[in-house]
file final_39.txt (compact mmCIF, C-alpha atoms)
# COMPACT_ATOMS: atom_id res chain seq x y z
CA MET H 1 0.00 0.00 0.00
CA SER H 2 1.54 3.33 -1.04
CA GLY H 3 1.53 6.39 1.18
CA SER H 4 -0.90 8.44 -0.95
CA ALA H 5 -3.46 5.60 -1.07
CA ILE H 6 -3.48 5.46 2.75
CA GLN H 7 -3.92 9.26 2.98
CA GLU H 8 -6.90 9.12 0.54
CA LYS H 9 -8.57 6.33 2.54
CA VAL H 10 -8.11 8.23 5.81
CA ALA H 11 -9.52 11.41 4.25
CA ARG H 12 -12.59 9.43 3.06
CA LEU H 13 -13.15 7.97 6.55
CA LEU H 14 -12.95 11.42 8.19
CA SER H 15 -15.10 13.28 5.66
CA ARG H 16 -18.77 14.21 6.11
CA GLN H 17 -19.49 13.79 2.42
CA ASN H 18 -21.20 10.36 2.71
CA GLY H 19 -23.19 10.76 5.94
CA LYS H 20 -21.43 11.16 9.26
CA PRO H 21 -17.66 10.44 9.43
CA ALA H 22 -16.74 6.78 10.05
CA MET H 23 -13.76 7.72 12.26
CA LYS H 24 -13.00 10.44 14.79
CA ALA H 25 -9.29 11.26 15.13
CA VAL H 26 -8.83 11.58 18.90
CA LYS H 27 -5.04 11.12 18.79
CA PRO H 28 -2.87 12.27 15.84
CA LEU H 29 -2.88 9.66 13.09
CA ALA H 30 0.88 9.19 12.99
CA LEU H 31 3.38 6.66 14.34
CA LYS H 32 5.18 7.50 17.60
CA ASN H 33 8.98 7.62 17.73
CA GLU H 34 8.88 4.69 20.11
CA VAL H 35 8.36 0.95 19.90
CA ALA H 36 6.37 -1.06 22.49
CA ASN H 37 8.31 -3.45 24.73
CA ARG H 38 8.10 -7.10 23.82
CA LYS H 39 7.00 -9.55 26.49
CA PRO H 40 9.83 -12.02 27.09
CA LYS H 41 8.78 -15.54 26.19
CA LYS H 42 7.95 -17.78 29.13
CA GLY H 43 10.34 -20.70 28.91
CA GLU H 44 10.51 -23.91 30.93
CA ALA H 45 12.41 -24.77 34.07
CA THR H 46 16.00 -25.62 33.08
CA CYS H 47 18.30 -28.23 34.68
CA VAL H 48 15.43 -29.95 36.53
CA THR H 49 16.82 -33.48 35.91
CA GLU H 50 20.26 -32.53 37.28
CA MET H 51 18.55 -30.97 40.28
CA THR H 52 16.52 -34.11 40.99
CA PHE H 53 19.65 -36.30 40.79
CA LEU H 54 21.45 -33.93 43.17
CA MET H 55 18.56 -34.01 45.62
CA ALA H 56 18.33 -37.80 45.49
CA CYS H 57 22.07 -37.97 46.24
CA TRP H 58 21.59 -35.56 49.15
CA LYS H 59 18.76 -37.64 50.56
CA GLN H 60 20.95 -40.74 50.47
CA ASN H 61 24.12 -39.16 51.90
CA ASP H 62 22.50 -36.85 54.48
CA PHE H 63 23.34 -33.61 52.58
CA ASN H 64 27.07 -34.31 52.52
CA ASN H 65 28.43 -32.40 49.52
CA ALA H 66 31.78 -34.20 49.48
CA LEU H 67 30.09 -37.50 48.57
CA CYS H 68 27.89 -35.90 45.90
CA SER H 69 30.65 -34.08 44.00
CA LYS H 70 29.77 -35.71 40.64
CA GLU H 71 26.13 -34.58 40.76
CA VAL H 72 27.17 -31.12 41.93
CA SER H 73 29.63 -30.66 39.06
CA SER H 74 27.10 -31.87 36.48
CA PHE H 75 24.55 -29.41 37.91
CA TYR H 76 27.04 -26.56 37.56
CA THR H 77 27.92 -27.49 33.97
CA CYS H 78 24.21 -27.57 33.10
CA ILE H 79 23.72 -24.07 34.58
CA GLU H 80 26.73 -22.71 32.68
CA LYS H 81 25.44 -24.13 29.40
CA VAL H 82 22.04 -22.55 29.94
CA GLN H 83 23.58 -19.18 30.80
CA THR H 84 25.85 -19.06 27.74
CA LYS H 85 22.96 -20.13 25.50
CA ALA H 86 20.68 -17.45 26.94
CA LYS H 87 23.35 -14.77 26.45
CA GLY H 88 24.05 -15.72 22.86
CA GLN H 89 20.38 -15.95 21.90
CA GLN H 90 19.20 -12.54 23.03
CA GLY H 91 19.59 -10.23 20.03
CA THR H 92 20.35 -12.64 17.20
CA GLN H 93 16.82 -13.73 16.23
CA GLY H 94 16.85 -11.42 13.18
CA ARG H 95 14.69 -8.61 14.54
CA LEU H 96 15.92 -5.51 16.35
CA LEU H 97 15.41 -5.43 20.14
CA PRO H 98 12.83 -2.84 21.32
CA LYS H 99 15.53 -0.99 23.30
CA GLU H 100 17.83 -0.73 20.25
CA ALA H 101 14.92 0.37 18.04
CA ASN H 102 13.99 3.09 20.54
CA THR H 103 17.57 4.39 20.70
CA LEU H 104 17.75 4.60 16.91
CA LEU H 105 14.36 6.29 16.66
CA LYS H 106 15.39 8.83 19.28
CA ARG H 107 18.46 9.73 17.25
CA PHE H 108 16.71 9.66 13.85
CA PRO H 109 13.06 10.41 14.54
CA ASN H 110 10.20 10.80 12.08
CA LEU H 111 9.65 14.58 12.07
CA ALA H 112 6.04 15.43 12.81
CA SER H 113 6.37 19.16 12.18
CA GLU H 114 8.77 21.39 10.31
CA ILE H 115 11.78 22.79 12.17
CA MET M 116 29.20 29.30 13.48
CA ALA M 117 32.43 27.49 12.66
CA ALA M 118 33.41 27.58 16.35
CA SER M 119 30.12 26.00 17.44
CA VAL M 120 30.39 23.26 14.81
CA ARG M 121 34.06 22.56 15.58
CA TYR M 122 33.24 20.65 18.79
CA LEU M 123 31.53 17.99 16.66
CA LEU M 124 34.83 17.26 14.87
CA LYS M 125 37.05 16.93 17.96
CA PRO M 126 37.32 13.42 19.48
CA TRP M 127 35.13 13.36 22.58
CA THR M 128 37.01 13.52 25.90
CA PRO M 129 35.26 14.04 29.25
CA SER M 130 35.50 17.61 30.47
CA VAL M 131 35.08 16.39 34.04
CA CYS M 132 37.24 13.54 35.31
CA PHE M 133 35.55 10.65 37.07
CA VAL M 134 36.20 10.04 40.74
CA ARG M 135 35.69 6.66 42.43
CA TRP M 136 32.31 5.12 41.82
CA SER M 137 29.92 6.37 39.23
CA ARG M 138 28.03 4.98 36.29
CA TYR M 139 30.41 4.32 33.45
CA ASN M 140 29.68 3.58 29.82
CA PRO M 141 30.10 -0.20 29.23
CA TYR M 142 33.18 0.32 27.04
CA TYR M 143 35.23 1.64 29.97
CA LEU M 144 37.82 -0.90 31.12
CA ASP M 145 38.74 -1.76 34.71
CA PRO M 146 42.13 -0.50 35.95
CA ASP M 147 44.86 -3.14 36.22
CA PRO M 148 47.12 -2.24 39.17
CA SER M 149 49.67 -5.04 38.69
CA LYS M 150 53.27 -3.93 38.22
CA VAL M 151 54.29 -7.09 36.41
CA ALA M 152 55.02 -6.50 32.70
CA VAL M 153 54.74 -9.71 30.68
CA PRO M 154 56.99 -9.73 27.55
CA GLU M 155 55.26 -9.72 24.15
CA SER M 156 56.20 -13.29 23.18
CA GLU M 157 54.46 -14.91 26.17
CA LEU M 158 51.06 -13.39 25.50
CA SER M 159 48.35 -15.39 23.77
CA LEU M 160 46.32 -13.93 20.90
CA GLU M 161 43.45 -12.87 23.16
CA GLU M 162 45.79 -11.17 25.61
CA LYS M 163 47.51 -9.30 22.78
CA GLU M 164 44.11 -8.06 21.59
CA LEU M 165 43.30 -6.98 25.15
CA GLN M 166 46.55 -4.98 25.31
CA GLU M 167 45.67 -3.30 21.99
CA LEU M 168 42.25 -2.45 23.40
CA LYS M 169 43.79 -0.94 26.53
CA THR M 170 45.82 1.54 24.45
CA VAL M 171 42.72 3.04 22.85
CA SER M 172 39.78 2.69 25.27
CA PRO M 173 39.21 4.84 28.36
CA ILE M 174 39.76 3.29 31.81
CA LYS M 175 37.66 3.74 34.95
CA ALA M 176 39.12 5.66 37.88
CA ALA M 177 40.94 3.42 40.36
CA LEU M 178 39.36 2.88 43.77
CA SER M 179 41.39 3.79 46.82
CA SER M 180 41.40 0.10 47.77
CA ASP M 181 43.20 -0.95 44.55
CA THR M 182 46.78 -1.99 45.31
CA SER M 183 49.60 -3.53 43.34
CA SER M 184 50.72 -5.36 46.48
CA ALA M 185 51.19 -9.14 46.44
CA PHE M 186 49.12 -9.48 49.60
CA SER M 187 45.89 -8.11 48.13
CA ASP M 188 43.18 -10.74 47.69
CA PRO M 189 39.90 -9.84 45.94
CA LEU M 190 37.85 -12.24 48.10
CA ILE M 191 39.27 -10.82 51.33
CA SER M 192 38.66 -7.26 50.05
CA LYS M 193 35.05 -8.12 49.26
CA PHE M 194 34.61 -9.61 52.75
CA ILE M 195 36.11 -6.50 54.36
CA ASN M 196 33.71 -4.30 52.38
CA MET M 197 30.76 -6.38 53.53
CA MET M 198 31.88 -6.23 57.15
CA MET M 199 32.37 -2.47 57.00
CA GLN M 200 29.80 -0.32 58.81
CA ASP M 201 29.31 3.44 58.31
CA GLY M 202 32.31 3.56 56.01
CA ASN M 203 34.78 2.58 58.73
CA LYS M 204 37.14 0.65 56.45
CA ILE M 205 40.04 0.95 58.91
CA LEU M 206 38.13 -0.92 61.61
CA ALA M 207 36.88 -3.60 59.20
CA ARG M 208 40.36 -4.18 57.81
CA GLY M 209 41.79 -4.32 61.33
CA ILE M 210 39.25 -6.97 62.30
CA MET M 211 40.14 -8.98 59.19
CA THR M 212 43.89 -8.90 59.89
CA GLN M 213 43.26 -9.88 63.52
CA THR M 214 41.04 -12.75 62.32
CA LEU M 215 43.74 -14.05 59.99
CA GLU M 216 46.36 -13.73 62.71
CA ASN M 217 44.13 -15.57 65.17
CA ILE M 218 43.55 -18.38 62.67
CA LYS M 219 47.29 -18.67 62.06
CA ARG M 220 48.06 -18.78 65.76
CA ARG M 221 45.50 -21.52 66.41
CA GLN M 222 46.68 -23.61 63.50
CA VAL M 223 50.37 -23.27 64.42
CA GLU M 224 49.52 -24.28 68.00
CA LYS M 225 47.61 -27.27 66.65
CA TYR M 226 50.53 -28.09 64.36
CA HIS M 227 53.04 -28.18 67.19
CA LYS M 228 50.76 -30.14 69.48
CA SER M 229 49.88 -32.82 66.95
CA PRO M 230 52.03 -35.96 66.44
CA ALA M 231 54.46 -36.05 63.48
CA ALA M 232 52.16 -38.23 61.39
CA LYS M 233 49.23 -35.79 61.60
CA ARG M 234 51.26 -32.63 61.02
CA GLU M 235 51.00 -32.79 57.23
CA GLU M 236 47.21 -32.41 57.38
CA VAL M 237 47.17 -29.21 59.47
CA VAL M 238 46.72 -26.23 57.13
CA CYS M 239 48.51 -23.14 58.43
CA ASN M 240 47.91 -20.65 55.62
CA PRO M 241 45.03 -18.40 56.83
CA TYR M 242 44.16 -17.30 53.30
CA ALA M 243 43.77 -20.88 52.13
CA ILE M 244 41.63 -21.59 55.22
CA PHE M 245 39.43 -18.59 54.48
CA HIS M 246 38.92 -19.64 50.86
CA GLN M 247 38.12 -23.26 51.77
CA ALA M 248 35.78 -22.26 54.62
CA LEU M 249 33.91 -19.86 52.32
CA GLU M 250 33.54 -22.62 49.71
CA ASN M 251 32.06 -24.87 52.38
CA CYS M 252 29.57 -22.17 53.35
CA LYS M 253 28.31 -21.48 49.82
CA PRO M 254 24.83 -22.87 49.09
CA ILE M 255 24.31 -24.75 45.81
CA ILE M 256 20.56 -24.26 45.36
CA GLY M 257 18.49 -21.35 46.61
CA LEU M 258 14.79 -20.69 47.00
CA ALA M 259 12.82 -18.12 45.02
CA SER M 260 9.28 -16.93 45.72
CA VAL M 261 7.12 -17.64 42.65
CA GLN M 262 3.45 -16.72 42.37
CA LYS M 263 1.19 -19.30 40.79
CA GLY M 264 -2.59 -19.32 40.95
CA GLY M 265 -2.79 -16.62 43.61
CA LYS M 266 -0.46 -18.39 46.04
CA PHE M 267 3.28 -17.93 46.57
CA TYR M 268 5.47 -21.02 46.48
CA GLN M 269 9.13 -21.40 47.52
CA VAL M 270 10.71 -22.84 44.37
CA PRO M 271 14.23 -24.39 44.31
CA VAL M 272 16.32 -22.38 41.90
CA PRO M 273 19.99 -22.47 40.76
CA LEU M 274 22.04 -19.50 42.02
CA THR M 275 24.72 -17.47 40.24
CA ASP M 276 28.30 -17.54 41.59
CA ASN M 277 28.09 -13.96 42.79
CA ARG M 278 24.87 -14.65 44.68
CA ARG M 279 26.35 -17.74 46.33
CA ARG M 280 29.48 -15.90 47.41
CA PHE M 281 27.36 -13.04 48.75
CA LEU M 282 25.10 -15.38 50.74
CA ALA M 283 28.08 -17.24 52.27
CA MET M 284 29.74 -13.98 53.37
CA LYS M 285 26.46 -12.49 54.63
CA TRP M 286 25.66 -15.57 56.70
CA LEU M 287 29.16 -15.59 58.23
CA ILE M 288 28.90 -11.96 59.27
CA THR M 289 25.34 -12.10 60.63
CA GLU M 290 25.96 -15.35 62.53
CA CYS M 291 29.03 -13.87 64.17
CA ARG M 292 27.27 -10.62 65.01
CA ASP M 293 23.98 -11.99 66.32
CA ASN M 294 24.30 -15.53 67.62
CA LYS M 295 27.44 -15.38 69.71
CA HIS M 296 28.28 -14.29 73.24
CA ARG M 297 28.41 -10.51 73.34
CA ARG M 298 31.64 -10.25 75.32
CA THR M 299 33.79 -11.97 72.65
CA HIS M 300 35.60 -9.91 70.02
CA MET M 301 34.48 -10.07 66.40
CA TYR M 302 37.81 -11.51 65.28
CA GLU M 303 37.55 -14.36 67.80
CA LYS M 304 33.99 -15.16 66.69
CA LEU M 305 34.97 -15.02 63.02
CA SER M 306 38.03 -17.24 63.45
CA GLN M 307 35.97 -19.80 65.40
CA GLU M 308 33.30 -19.88 62.67
CA LEU M 309 35.86 -20.13 59.85
CA LEU M 310 37.75 -22.98 61.48
CA ALA M 311 34.46 -24.79 62.13
CA ALA M 312 33.34 -24.23 58.54
CA LEU M 313 36.60 -25.80 57.35
CA THR M 314 35.44 -29.13 58.80
CA ASN M 315 31.76 -28.58 57.78
CA GLU M 316 30.63 -27.86 61.33
CA GLY M 317 29.29 -24.69 62.94
CA SER M 318 26.16 -22.58 62.58
CA VAL M 319 26.86 -21.17 59.11
CA VAL M 320 27.23 -24.60 57.51
CA LYS M 321 24.12 -25.65 59.43
CA ARG M 322 22.26 -22.73 57.88
CA LYS M 323 23.42 -23.83 54.43
CA HIS M 324 22.22 -27.37 55.11
CA ASP M 325 18.83 -26.01 56.28
CA LEU M 326 18.46 -24.16 52.98
CA HIS M 327 19.32 -27.33 51.06
CA LYS M 328 16.78 -29.30 53.12
CA MET M 329 14.06 -26.73 52.38
CA ALA M 330 14.91 -26.88 48.67
CA GLU M 331 14.79 -30.68 48.79
CA ALA M 332 11.42 -30.60 50.55
CA ASN M 333 10.03 -28.25 47.88
CA ARG M 334 11.43 -30.14 44.91
CA ALA M 335 7.91 -30.79 43.60
CA TYR M 336 7.55 -27.08 42.77
CA ALA M 337 10.69 -27.03 40.62
CA HIS M 338 8.56 -26.90 37.47
CA TYR M 339 6.97 -23.59 38.51
CA ARG M 340 10.09 -21.86 37.23
CA TRP M 341 10.09 -20.42 33.73
CA TRP M 342 13.73 -19.48 33.50
call {"tool": "encode", "arguments": {"input": "final_39.txt", "output": "structure tokens"}}
result
Amino acid sequence: MSGSAIQEKVARLLSRQNGKPAMKAVKPLALKNEVANRKPKKGEATCVTEMTFLMACWKQNDFNNALCSKEVSSFYTCIEKVQTKAKGQQGTQGRLLPKEANTLLKRFPNLASEI
Amino acid sequence: MAASVRYLLKPWTPSVCFVRWSRYNPYYLDPDPSKVAVPESELSLEEKELQELKTVSPIKAALSSDTSSAFSDPLISKFINMMMQDGNKILARGIMTQTLENIKRRQVEKYHKSPAAKREEVVCNPYAIFHQALENCKPIIGLASVQKGGKFYQVPVPLTDNRRRFLAMKWLITECRDNKHRRTHMYEKLSQELLAALTNEGSVVKRKHDLHKMAEANRAYAHYRWW
């Protein structure tokens, strides 16, 4: 849809020519120089299996960490993997993050009026 | 007009210099107070790149607690900062040195009193004792309050290294301040707790075990996490 086609449609909706106007412009019909924040996706609980193994080991050995060193180390490696994955994944999905988009729009805004 | 535009062409340098703590831009590097200069050939590729970066990027102002001395230990410095009240760093540092001295004295006494066979096992280095005791006090799993269906549940959750270190130090300090006889000095209380923590005894390690037991009891709620 080209820009002029949109303007013509909006003018038709606001006009009184064909009965009362279909739309009342309460707020200015223009985009803001801001993007809405995206809700972070709700994931699942990570490292639950390692945690259950660790807890089973604790139950057996009366919470003695020296005897459960293998489970403890595997739990830590799982946590590290999850953390590095989460860090790498943040901004590389293809789209711009809302914070980055807002910074760019602040520096190069769409001018609403002449300066 | 040329004068007003000229400032856009100069490379930006701060007109005010930073002092101690303040919010720095993420590209500012931490100061490196070590006096040791490693020759070029012994540096790996990453370290060479880091040296290149240090020549061009700005560096944060050094804190007054940064030293190039061989005796400075970041863990001990962090513990001193946590013990400090009302900004009295001198008192906190004095307590820490007295604690380390007390630990050393006790261990040397134990060393001389023990038979020749057992002497190898007695650790005399107070810094090593502090590090090991702190490791023994660190919890592995913590609890987080998660709301689900109107009710709050205590969910077992993995902790970051910083959080674990903070909890261990906080427990040590609060246990020594609150749950001991009031007529004993702080350094005595601390050295007692540290030496007990070395052998997984004492109230701080008990507190850690209580947290683990709570986490184990609530293991059914582990799936209420979404991170």
call {"tool": "interface_residues", "arguments": {"input": "final_39.txt", "of": "chain H", "to": "chain M", "cutoff": "10 Å", "atoms": "only C-alpha atoms", "output": "list in words"}}
result
Lys41, Lys42, Gly43, Glu44, Ala45, Thr46, Cys47, Val48, Met51, Thr52, Leu54, Met55, Ala56, Trp58, Lys59, Asp62, Phe63, Asn64, Asn65, Ala66, Val72, Phe75, Tyr76, Ile79, Glu80, Val82, Gln83 and Ala86 of chain H
call {"tool": "residues_around", "arguments": {"input": "final_39.txt", "residues": "stretch 137-148 of chain M", "least_positions_apart": "5", "cutoff": "12 Å", "atoms": "only C-alpha atoms", "output": "VMD selection string"}}
result
chain M and resid 129 132 165 to 166 168 to 185 187
call {"tool": "residues_around", "arguments": {"input": "final_39.txt", "residues": "M:Val320", "least_positions_apart": "4", "cutoff": "12 Å", "atoms": "all atoms listed in the file", "output": "PyMOL selection string"}}
result
(chain H and resi 63-65) or (chain M and resi 248-254+282-284+286-287+290+308-316+324-327)
call {"tool": "atom_distance", "arguments": {"input": "final_39.txt", "atom1": "atom CA of H:Lys85", "atom2": "atom CA of H:Pro40"}}
result
15.5 Å
call {"tool": "residues_near_point", "arguments": {"input": "final_39.txt", "point": "(36.5, -8.5, 48.0)", "cutoff": "12 Å", "atoms": "all atoms listed in the file", "output": "MDAnalysis selection string"}}
result
chainID M and resid 180:181 187:199 208 211 246 277 280:281 284
call {"tool": "atom_distance", "arguments": {"input": "final_39.txt", "atom1": "atom CA of M:Asn333", "atom2": "atom CA of H:Cys57"}}
result
15.6 Å
call {"tool": "atom_distance", "arguments": {"input": "final_39.txt", "atom1": "atom CA of H:Glu50", "atom2": "atom CA of M:Gly264"}}
result
26.6 Å
call {"tool": "residues_around", "arguments": {"input": "final_39.txt", "residues": "H:Arg38", "least_positions_apart": "4", "cutoff": "12 Å", "atoms": "all atoms listed in the file", "output": "MDAnalysis selection string"}}
result
chainID H and resid 42 95:99 101
call {"tool": "residues_near_point", "arguments": {"input": "final_39.txt", "point": "(31.7, -11.2, 64.8)", "cutoff": "10 Å", "atoms": "all atoms listed in the file", "output": "ChimeraX atom specification"}}
result
/M:198,210,214,287-297,299-308
call {"tool": "build_atoms", "arguments": {"input": "final_39.txt", "residues": "stretch 10-36 of chain H", "atoms": "N, CA, C and O atoms", "output": "compact mmCIF listing (two decimals), in the coordinates of the input"}}
result
# COMPACT_ATOMS: atom_id res chain seq x y z
N VAL H 10 -7.89 7.55 4.53
CA VAL H 10 -8.11 8.23 5.81
C VAL H 10 -8.99 9.46 5.62
O VAL H 10 -9.91 9.73 6.39
N ALA H 11 -8.72 10.21 4.52
CA ALA H 11 -9.52 11.41 4.25
C ALA H 11 -10.98 11.03 4.02
O ALA H 11 -11.90 11.71 4.50
N ARG H 12 -11.22 9.89 3.31
CA ARG H 12 -12.59 9.43 3.06
C ARG H 12 -13.29 9.06 4.36
O ARG H 12 -14.46 9.34 4.57
N LEU H 13 -12.55 8.41 5.28
CA LEU H 13 -13.15 7.97 6.55
C LEU H 13 -13.52 9.17 7.43
O LEU H 13 -14.48 9.11 8.20
N LEU H 14 -12.71 10.25 7.33
CA LEU H 14 -12.95 11.42 8.19
C LEU H 14 -13.98 12.38 7.60
O LEU H 14 -14.50 13.24 8.31
N SER H 15 -14.28 12.25 6.31
CA SER H 15 -15.10 13.28 5.66
C SER H 15 -16.58 13.11 5.97
O SER H 15 -17.03 12.02 6.32
N ARG H 16 -17.31 14.24 5.88
CA ARG H 16 -18.77 14.21 6.11
C ARG H 16 -19.54 14.03 4.82
O ARG H 16 -20.76 14.14 4.81
N GLN H 17 -18.84 13.79 3.75
CA GLN H 17 -19.49 13.79 2.42
C GLN H 17 -20.56 12.70 2.34
O GLN H 17 -21.65 12.91 1.81
N ASN H 18 -20.26 11.49 2.84
CA ASN H 18 -21.20 10.36 2.71
C ASN H 18 -21.84 10.04 4.05
O ASN H 18 -21.68 8.96 4.62
N GLY H 19 -22.61 10.99 4.60
CA GLY H 19 -23.19 10.76 5.94
C GLY H 19 -22.16 11.14 6.98
O GLY H 19 -21.17 11.80 6.72
N LYS H 20 -22.38 10.71 8.23
CA LYS H 20 -21.43 11.16 9.26
C LYS H 20 -20.10 10.41 9.13
O LYS H 20 -20.06 9.30 8.58
N PRO H 21 -18.99 11.05 9.63
CA PRO H 21 -17.66 10.44 9.43
C PRO H 21 -17.55 9.08 10.16
O PRO H 21 -18.08 8.89 11.24
N ALA H 22 -16.89 8.14 9.50
CA ALA H 22 -16.74 6.78 10.05
C ALA H 22 -15.73 6.74 11.19
O ALA H 22 -15.70 5.80 11.96
N MET H 23 -14.86 7.76 11.29
CA MET H 23 -13.76 7.72 12.26
C MET H 23 -13.58 9.10 12.86
O MET H 23 -13.68 10.10 12.16
N LYS H 24 -13.32 9.16 14.14
CA LYS H 24 -13.00 10.44 14.79
C LYS H 24 -11.55 10.35 15.24
O LYS H 24 -11.19 9.43 15.99
N ALA H 25 -10.72 11.32 14.80
CA ALA H 25 -9.29 11.26 15.13
C ALA H 25 -9.05 11.90 16.49
O ALA H 25 -8.92 13.10 16.62
N VAL H 26 -9.05 11.07 17.53
CA VAL H 26 -8.83 11.58 18.90
C VAL H 26 -7.34 11.90 19.09
O VAL H 26 -6.95 12.96 19.53
N LYS H 27 -6.50 10.91 18.73
CA LYS H 27 -5.04 11.12 18.79
C LYS H 27 -4.54 11.37 17.38
O LYS H 27 -5.18 10.95 16.42
N PRO H 28 -3.38 12.03 17.21
CA PRO H 28 -2.87 12.27 15.84
C PRO H 28 -2.59 10.95 15.13
O PRO H 28 -2.03 10.03 15.71
N LEU H 29 -3.02 10.91 13.85
CA LEU H 29 -2.88 9.66 13.09
C LEU H 29 -1.47 9.56 12.54
O LEU H 29 -1.24 9.68 11.34
N ALA H 30 -0.51 9.33 13.42
CA ALA H 30 0.88 9.19 12.99
C ALA H 30 1.57 8.23 13.94
O ALA H 30 1.16 8.09 15.09
N LEU H 31 2.64 7.58 13.48
CA LEU H 31 3.38 6.66 14.34
C LEU H 31 4.20 7.43 15.36
O LEU H 31 4.71 8.50 15.06
N LYS H 32 4.33 6.86 16.58
CA LYS H 32 5.18 7.50 17.60
C LYS H 32 6.64 7.15 17.31
O LYS H 32 6.94 6.15 16.65
N ASN H 33 7.55 7.94 17.87
CA ASN H 33 8.98 7.62 17.73
C ASN H 33 9.42 6.68 18.83
O ASN H 33 10.44 6.88 19.47
N GLU H 34 8.61 5.65 19.04
CA GLU H 34 8.88 4.69 20.11
C GLU H 34 8.28 3.37 19.72
O GLU H 34 7.26 3.32 19.03
N VAL H 35 8.89 2.27 20.18
CA VAL H 35 8.36 0.95 19.90
C VAL H 35 7.94 0.33 21.22
O VAL H 35 8.60 0.54 22.24
N ALA H 36 6.83 -0.44 21.24
CA ALA H 36 6.37 -1.06 22.49
C ALA H 36 7.33 -2.17 22.90
O ALA H 36 7.95 -2.82 22.06
